[in-house]
Amino acid sequence: MNDTAFSNLPALEPGSVWLVGAGPGDPGLLTLLAAKGLAEADIIVHDALVNEDCLKLAHPGAILEYAGKRGGKPSAKQRDISLRLVELARAGKRVLRLKGGDPFVFGRGGEEALMLVEHGIPFRIVPGITAGIGGLAYAGIPVTHRDVNHAVTFLTGHDSSGVVPDAINWEAIGKGSPVIVMYMAMKHIAQISANLIAAGRSADEPVAFVCNAATPAQQVLETTLGQAEADVAASGMEPPAIVVVGKVVKLRPSLDWLGALSGRKLLPETDVRAGAGHKVPA
């Protein structure tokens with residue numbers, strides 16, 4: 001990228017930390033500021049969900065340090081990661097903390113930033129495109145459409161202990177939010193589906209799972225709330241995944257632009273009341 005694109009952007013200074021969102025997968029979705037930070041950082045502390053192609057934008061002398069956290073697998077403790085950022089900044093390094101999606105959307109960016117504040121470390125937040133928006137866009141599913149919904153809820157499918165959060169008011173969300181976008185929910189979809197059906201959602205309501213969103217390995221499973229558990233098990237699909245519940249899923253036959261690049265014929269109109277679909281590699 002030429003210098004003109006970066007000329008008016010701030011510099012990543014020694015002794016400071018940038019908390020940067022890498023977006024849902026496609027390195028083309030990085031912001032200019034994220035790309036500039038990657039080019040200037042002395043050390044990049046990155047998550048498991050960051051596309052390796054994003055890391056190729058680092059300058060040749062940069063150190064890449066893995067700090068991924070994946071459910072059910074050995075992972076660094078969050079406090080240790082936060083303190084590592086402090087340590088590196090105090091050593092005078094230009095530190096870039098690179099996270100999949102957006103650091104402030106279920107990304108623990110707030111926790112890390114608070115630790116930096118506690119220790120007097122200067123920092124900058126560089127937002128990224130969160131998977132709950134960008135990942136669904138790559139599947140041809142809009143989170144809002146004025147003929148379908150005027151509200152959307154984003155929630156996490158598990159808390160810090162790895163179970164479905166007790167603090168979520170499933171009844172209120174089930175009754176009040178026409179579209180629900182869920183992060184880290186695939187593992188607990190049986191309980192989550194049961195909670196939503198108990199809250200009054202129809203078992204026939206459309207659901208989509210988007211795995212490895214915005215990457216060449218992306219897969220999409222279209223199902224229903226009542227069939228979600230069985231269909232996920234039969235599909236063999238695995239996390240990372242973003243899950244969406246609501247009639248916006250039925251817009252996919254018209255809006256699957258990525259599928260159209262591979263030859264899928266898009267429909268000029270879609271009845272959002274139609275039945276569920278099936279797994280479609282995308």
# chains A, B, ... in the order shown; residues from 1 in each chain; ligands from 1
call {"tool": "residues_around", "arguments": {"residues": "Trp257 of chain A", "least_positions_apart": "6", "cutoff": "12 Å", "atoms": "only C-alpha atoms", "output": "JSON, numbers by chain"}}
result
{"A": [136, 137, 138, 139, 140, 141, 142, 251, 263, 264, 265, 266, 267, 282]}
call {"tool": "write_last_selection", "arguments": {"atoms": "C-alpha atoms", "output": "PDB file, in the first residue's frame"}}
result
ATOM      1  CA  LEU A 136     -23.322 -12.869   8.154  1.00  0.00           C
ATOM      2  CA  ALA A 137     -22.859 -10.437   5.260  1.00  0.00           C
ATOM      3  CA  TYR A 138     -20.467 -12.943   3.673  1.00  0.00           C
ATOM      4  CA  ALA A 139     -23.244 -15.526   3.968  1.00  0.00           C
ATOM      5  CA  GLY A 140     -25.753 -13.207   2.304  1.00  0.00           C
ATOM      6  CA  ILE A 141     -27.707 -12.606   5.509  1.00  0.00           C
ATOM      7  CA  PRO A 142     -28.379  -8.992   6.577  1.00  0.00           C
ATOM      8  CA  LEU A 251     -33.187 -13.554   2.424  1.00  0.00           C
ATOM      9  CA  GLY A 263     -22.398 -19.985  -9.993  1.00  0.00           C
ATOM     10  CA  ARG A 264     -25.392 -19.931  -7.654  1.00  0.00           C
ATOM     11  CA  LYS A 265     -28.422 -18.319  -9.292  1.00  0.00           C
ATOM     12  CA  LEU A 266     -29.877 -15.675  -7.022  1.00  0.00           C
ATOM     13  CA  LEU A 267     -33.621 -15.217  -6.805  1.00  0.00           C
ATOM     14  CA  ALA A 282     -19.943 -20.993   0.369  1.00  0.00           C
TER      15      ALA A 282
END
call {"tool": "residues_around", "arguments": {"residues": "Leu221 of chain A", "least_positions_apart": "5", "cutoff": "12 Å", "atoms": "only C-alpha atoms", "output": "ChimeraX atom specification"}}
result
/A:136,139,186,206-213,227-238,241-244,249,252,276-282
call {"tool": "select_by_dssp", "arguments": {"residues": "segment 142-275 of chain A", "states": "strand (DSSP E)", "output": "PyMOL selection string"}}
result
chain A and resi 152-156+179-183+206-211+219-224+241-245
call {"tool": "closest_residue", "arguments": {"among": "A:His150, A:Lys247, A:His158, A:Lys187", "to": "Ser202 of chain A", "atoms": "only C-alpha atoms"}}
result
A:Lys247
call {"tool": "residues_around", "arguments": {"residues": "segment 170-185 of chain A", "least_positions_apart": "2", "cutoff": "9 Å", "atoms": "only C-alpha atoms", "output": "PyMOL selection string"}}
result
chain A and resi 71+106+131-133+143-144+148-158+164+167-168+187-189+192+195-201+239-248
call {"tool": "residues_around", "arguments": {"residues": "Glu118 of chain A", "least_positions_apart": "5", "cutoff": "12 Å", "atoms": "only C-alpha atoms", "output": "list in words"}}
result
Ser82, Leu83, Val86, Glu111, Glu112, Ala113 and Phe123 of chain A
call {"tool": "write_last_selection", "arguments": {"atoms": "N, CA and C atoms", "output": "CSV table (one decimal), in the first residue's frame"}}
result
chain,number,residue,atom,x,y,z
A,82,SER,N,-3.2,-9.8,29.5
A,82,SER,CA,-3.3,-8.4,29.7
A,82,SER,C,-2.0,-7.9,30.3
A,83,LEU,N,-1.4,-8.6,31.3
A,83,LEU,CA,-0.2,-8.2,31.9
A,83,LEU,C,1.0,-8.3,30.9
A,86,VAL,N,1.2,-5.1,29.1
A,86,VAL,CA,1.8,-4.1,30.0
A,86,VAL,C,3.4,-4.3,29.9
A,111,GLU,N,-11.4,-5.6,29.0
A,111,GLU,CA,-10.6,-6.0,30.1
A,111,GLU,C,-9.2,-5.7,29.9
A,112,GLU,N,-8.7,-5.8,28.7
A,112,GLU,CA,-7.3,-5.5,28.4
A,112,GLU,C,-7.0,-4.0,28.5
A,113,ALA,N,-7.9,-3.2,28.0
A,113,ALA,CA,-7.8,-1.8,28.1
A,113,ALA,C,-7.8,-1.3,29.5
A,123,PHE,N,-2.8,3.8,25.0
A,123,PHE,CA,-3.4,2.8,24.1
A,123,PHE,C,-4.4,3.4,23.2
call {"tool": "closest_residue", "arguments": {"among": "A:Met115, A:Ala58, A:Val163, A:Ala194", "to": "Gln78 of chain A", "atoms": "only C-alpha atoms"}}
result
A:Met115
call {"tool": "closest_atom_pairs", "arguments": {"of": "segment 58-144 of chain A", "to": "segment 27-35 of chain A", "cutoff": "8 Å", "atoms": "only C-alpha atoms", "output": "CSV"}}
result
residue,atom,partner,partner_atom,distance
A:Val126,CA,A:Ala34,CA,6.6
A:Gly128,CA,A:Leu30,CA,7.0
A:Ile129,CA,A:Leu29,CA,7.2
call {"tool": "write_last_selection", "arguments": {"atoms": "all heavy atoms", "output": "PDB file, in the first residue's frame"}}
result
ATOM      1  N   VAL A 126      -8.705   0.233  17.898  1.00  0.00           N
ATOM      2  CA  VAL A 126      -8.941   0.252  16.455  1.00  0.00           C
ATOM      3  C   VAL A 126     -10.068  -0.740  16.172  1.00  0.00           C
ATOM      4  O   VAL A 126      -9.839  -1.957  16.139  1.00  0.00           O
ATOM      5  CB  VAL A 126      -7.678  -0.123  15.666  1.00  0.00           C
ATOM      6  CG1 VAL A 126      -7.946  -0.052  14.163  1.00  0.00           C
ATOM      7  CG2 VAL A 126      -6.520   0.804  16.042  1.00  0.00           C
ATOM      8  N   GLY A 128     -12.861  -3.216  14.601  1.00  0.00           N
ATOM      9  CA  GLY A 128     -12.893  -4.093  13.441  1.00  0.00           C
ATOM     10  C   GLY A 128     -14.327  -4.459  13.107  1.00  0.00           C
ATOM     11  O   GLY A 128     -15.251  -4.159  13.868  1.00  0.00           O
ATOM     12  N   ILE A 129     -14.523  -5.107  11.982  1.00  0.00           N
ATOM     13  CA  ILE A 129     -15.861  -5.560  11.598  1.00  0.00           C
ATOM     14  C   ILE A 129     -16.176  -6.825  12.380  1.00  0.00           C
ATOM     15  O   ILE A 129     -15.499  -7.848  12.235  1.00  0.00           O
ATOM     16  CB  ILE A 129     -15.930  -5.841  10.094  1.00  0.00           C
ATOM     17  CG1 ILE A 129     -15.644  -4.556   9.302  1.00  0.00           C
ATOM     18  CG2 ILE A 129     -17.306  -6.391   9.713  1.00  0.00           C
ATOM     19  CD1 ILE A 129     -15.549  -4.768   7.810  1.00  0.00           C
TER      20      ILE A 129
END
call {"tool": "residues_around", "arguments": {"residues": "Arg108 of chain A", "least_positions_apart": "5", "cutoff": "12 Å", "atoms": "only C-alpha atoms", "output": "list in words"}}
result
Leu19, Val20, Gly21, Asp47, Gly68, Lys69, Lys77, Gln78, Arg79, Ile81, Ser82, Arg97, Leu98, Lys99, Gly100, Gly101, Asp102, Pro103, Ala113, Leu114, Met115, Asp159 and Ser160 of chain A
call {"tool": "write_last_selection", "arguments": {"atoms": "N, CA and C atoms", "output": "PDB file, in the first residue's frame"}}
result
ATOM      1  N   LEU A  19      -5.143  -1.898  20.479  1.00  0.00           N
ATOM      2  CA  LEU A  19      -6.065  -3.040  20.517  1.00  0.00           C
ATOM      3  C   LEU A  19      -6.856  -3.001  19.214  1.00  0.00           C
ATOM      4  N   VAL A  20      -6.570  -3.954  18.339  1.00  0.00           N
ATOM      5  CA  VAL A  20      -7.015  -3.868  16.945  1.00  0.00           C
ATOM      6  C   VAL A  20      -7.940  -5.017  16.586  1.00  0.00           C
ATOM      7  N   GLY A  21      -9.029  -4.717  15.900  1.00  0.00           N
ATOM      8  CA  GLY A  21      -9.917  -5.737  15.367  1.00  0.00           C
ATOM      9  C   GLY A  21      -9.492  -6.123  13.960  1.00  0.00           C
ATOM     10  N   ASP A  47      -4.780 -13.392  18.433  1.00  0.00           N
ATOM     11  CA  ASP A  47      -5.733 -14.419  18.848  1.00  0.00           C
ATOM     12  C   ASP A  47      -5.738 -15.596  17.881  1.00  0.00           C
ATOM     13  N   GLY A  68      -3.924 -17.115  21.836  1.00  0.00           N
ATOM     14  CA  GLY A  68      -5.290 -17.528  21.529  1.00  0.00           C
ATOM     15  C   GLY A  68      -5.992 -18.173  22.695  1.00  0.00           C
ATOM     16  N   LYS A  69      -7.307 -18.012  22.719  1.00  0.00           N
ATOM     17  CA  LYS A  69      -8.164 -18.657  23.714  1.00  0.00           C
ATOM     18  C   LYS A  69      -9.268 -19.374  22.959  1.00  0.00           C
ATOM     19  N   LYS A  77      -4.326 -17.568  30.298  1.00  0.00           N
ATOM     20  CA  LYS A  77      -5.302 -16.893  31.135  1.00  0.00           C
ATOM     21  C   LYS A  77      -5.399 -15.431  30.715  1.00  0.00           C
ATOM     22  N   GLN A  78      -6.616 -14.897  30.783  1.00  0.00           N
ATOM     23  CA  GLN A  78      -6.819 -13.526  30.329  1.00  0.00           C
ATOM     24  C   GLN A  78      -5.955 -12.536  31.093  1.00  0.00           C
ATOM     25  N   ARG A  79      -5.836 -12.695  32.391  1.00  0.00           N
ATOM     26  CA  ARG A  79      -5.014 -11.765  33.173  1.00  0.00           C
ATOM     27  C   ARG A  79      -3.558 -11.810  32.716  1.00  0.00           C
ATOM     28  N   ILE A  81      -2.462 -12.541  29.708  1.00  0.00           N
ATOM     29  CA  ILE A  81      -2.372 -11.849  28.419  1.00  0.00           C
ATOM     30  C   ILE A  81      -2.330 -10.339  28.632  1.00  0.00           C
ATOM     31  N   SER A  82      -3.210  -9.844  29.486  1.00  0.00           N
ATOM     32  CA  SER A  82      -3.269  -8.403  29.747  1.00  0.00           C
ATOM     33  C   SER A  82      -1.960  -7.896  30.340  1.00  0.00           C
ATOM     34  N   ARG A  97      -2.109  -5.571  19.680  1.00  0.00           N
ATOM     35  CA  ARG A  97      -2.917  -6.707  20.133  1.00  0.00           C
ATOM     36  C   ARG A  97      -3.994  -6.947  19.084  1.00  0.00           C
ATOM     37  N   LEU A  98      -3.882  -8.025  18.326  1.00  0.00           N
ATOM     38  CA  LEU A  98      -4.755  -8.267  17.183  1.00  0.00           C
ATOM     39  C   LEU A  98      -5.792  -9.327  17.528  1.00  0.00           C
ATOM     40  N   LYS A  99      -7.058  -8.951  17.374  1.00  0.00           N
ATOM     41  CA  LYS A  99      -8.171  -9.821  17.733  1.00  0.00           C
ATOM     42  C   LYS A  99      -9.074 -10.044  16.525  1.00  0.00           C
ATOM     43  N   GLY A 100      -9.626 -11.243  16.423  1.00  0.00           N
ATOM     44  CA  GLY A 100     -10.627 -11.483  15.404  1.00  0.00           C
ATOM     45  C   GLY A 100     -11.857 -10.629  15.661  1.00  0.00           C
ATOM     46  N   GLY A 101     -12.507 -10.178  14.592  1.00  0.00           N
ATOM     47  CA  GLY A 101     -13.713  -9.365  14.754  1.00  0.00           C
ATOM     48  C   GLY A 101     -13.395  -7.990  15.294  1.00  0.00           C
ATOM     49  N   ASP A 102     -14.108  -7.586  16.340  1.00  0.00           N
ATOM     50  CA  ASP A 102     -13.935  -6.285  16.983  1.00  0.00           C
ATOM     51  C   ASP A 102     -13.524  -6.497  18.437  1.00  0.00           C
ATOM     52  N   PRO A 103     -12.515  -5.769  18.922  1.00  0.00           N
ATOM     53  CA  PRO A 103     -12.042  -6.021  20.292  1.00  0.00           C
ATOM     54  C   PRO A 103     -13.062  -5.718  21.379  1.00  0.00           C
ATOM     55  N   ALA A 113      -7.930  -3.235  27.998  1.00  0.00           N
ATOM     56  CA  ALA A 113      -7.771  -1.786  28.058  1.00  0.00           C
ATOM     57  C   ALA A 113      -7.778  -1.293  29.504  1.00  0.00           C
ATOM     58  N   LEU A 114      -8.624  -1.868  30.340  1.00  0.00           N
ATOM     59  CA  LEU A 114      -8.667  -1.461  31.748  1.00  0.00           C
ATOM     60  C   LEU A 114      -7.354  -1.790  32.459  1.00  0.00           C
ATOM     61  N   MET A 115      -6.730  -2.904  32.096  1.00  0.00           N
ATOM     62  CA  MET A 115      -5.434  -3.249  32.671  1.00  0.00           C
ATOM     63  C   MET A 115      -4.369  -2.238  32.237  1.00  0.00           C
ATOM     64  N   ASP A 159     -20.587 -18.150  28.992  1.00  0.00           N
ATOM     65  CA  ASP A 159     -19.921 -17.163  29.837  1.00  0.00           C
ATOM     66  C   ASP A 159     -18.488 -17.612  30.114  1.00  0.00           C
ATOM     67  N   SER A 160     -17.816 -16.963  31.062  1.00  0.00           N
ATOM     68  CA  SER A 160     -16.412 -17.255  31.342  1.00  0.00           C
ATOM     69  C   SER A 160     -16.187 -18.669  31.863  1.00  0.00           C
TER      70      SER A 160
END
call {"tool": "atom_distance", "arguments": {"atom1": "atom CA of Phe6 of chain A", "atom2": "atom CA of Glu40 of chain A"}}
result
11.3 Å
call {"tool": "closest_residue", "arguments": {"among": "A:Trp18, A:Lys36, A:Val220, A:Lys250", "to": "Arg124 of chain A", "atoms": "only C-alpha atoms"}}
result
A:Trp18
call {"tool": "atom_distance", "arguments": {"atom1": "atom CA of Arg84 of chain A", "atom2": "atom CA of Val50 of chain A"}}
result
18.7 Å
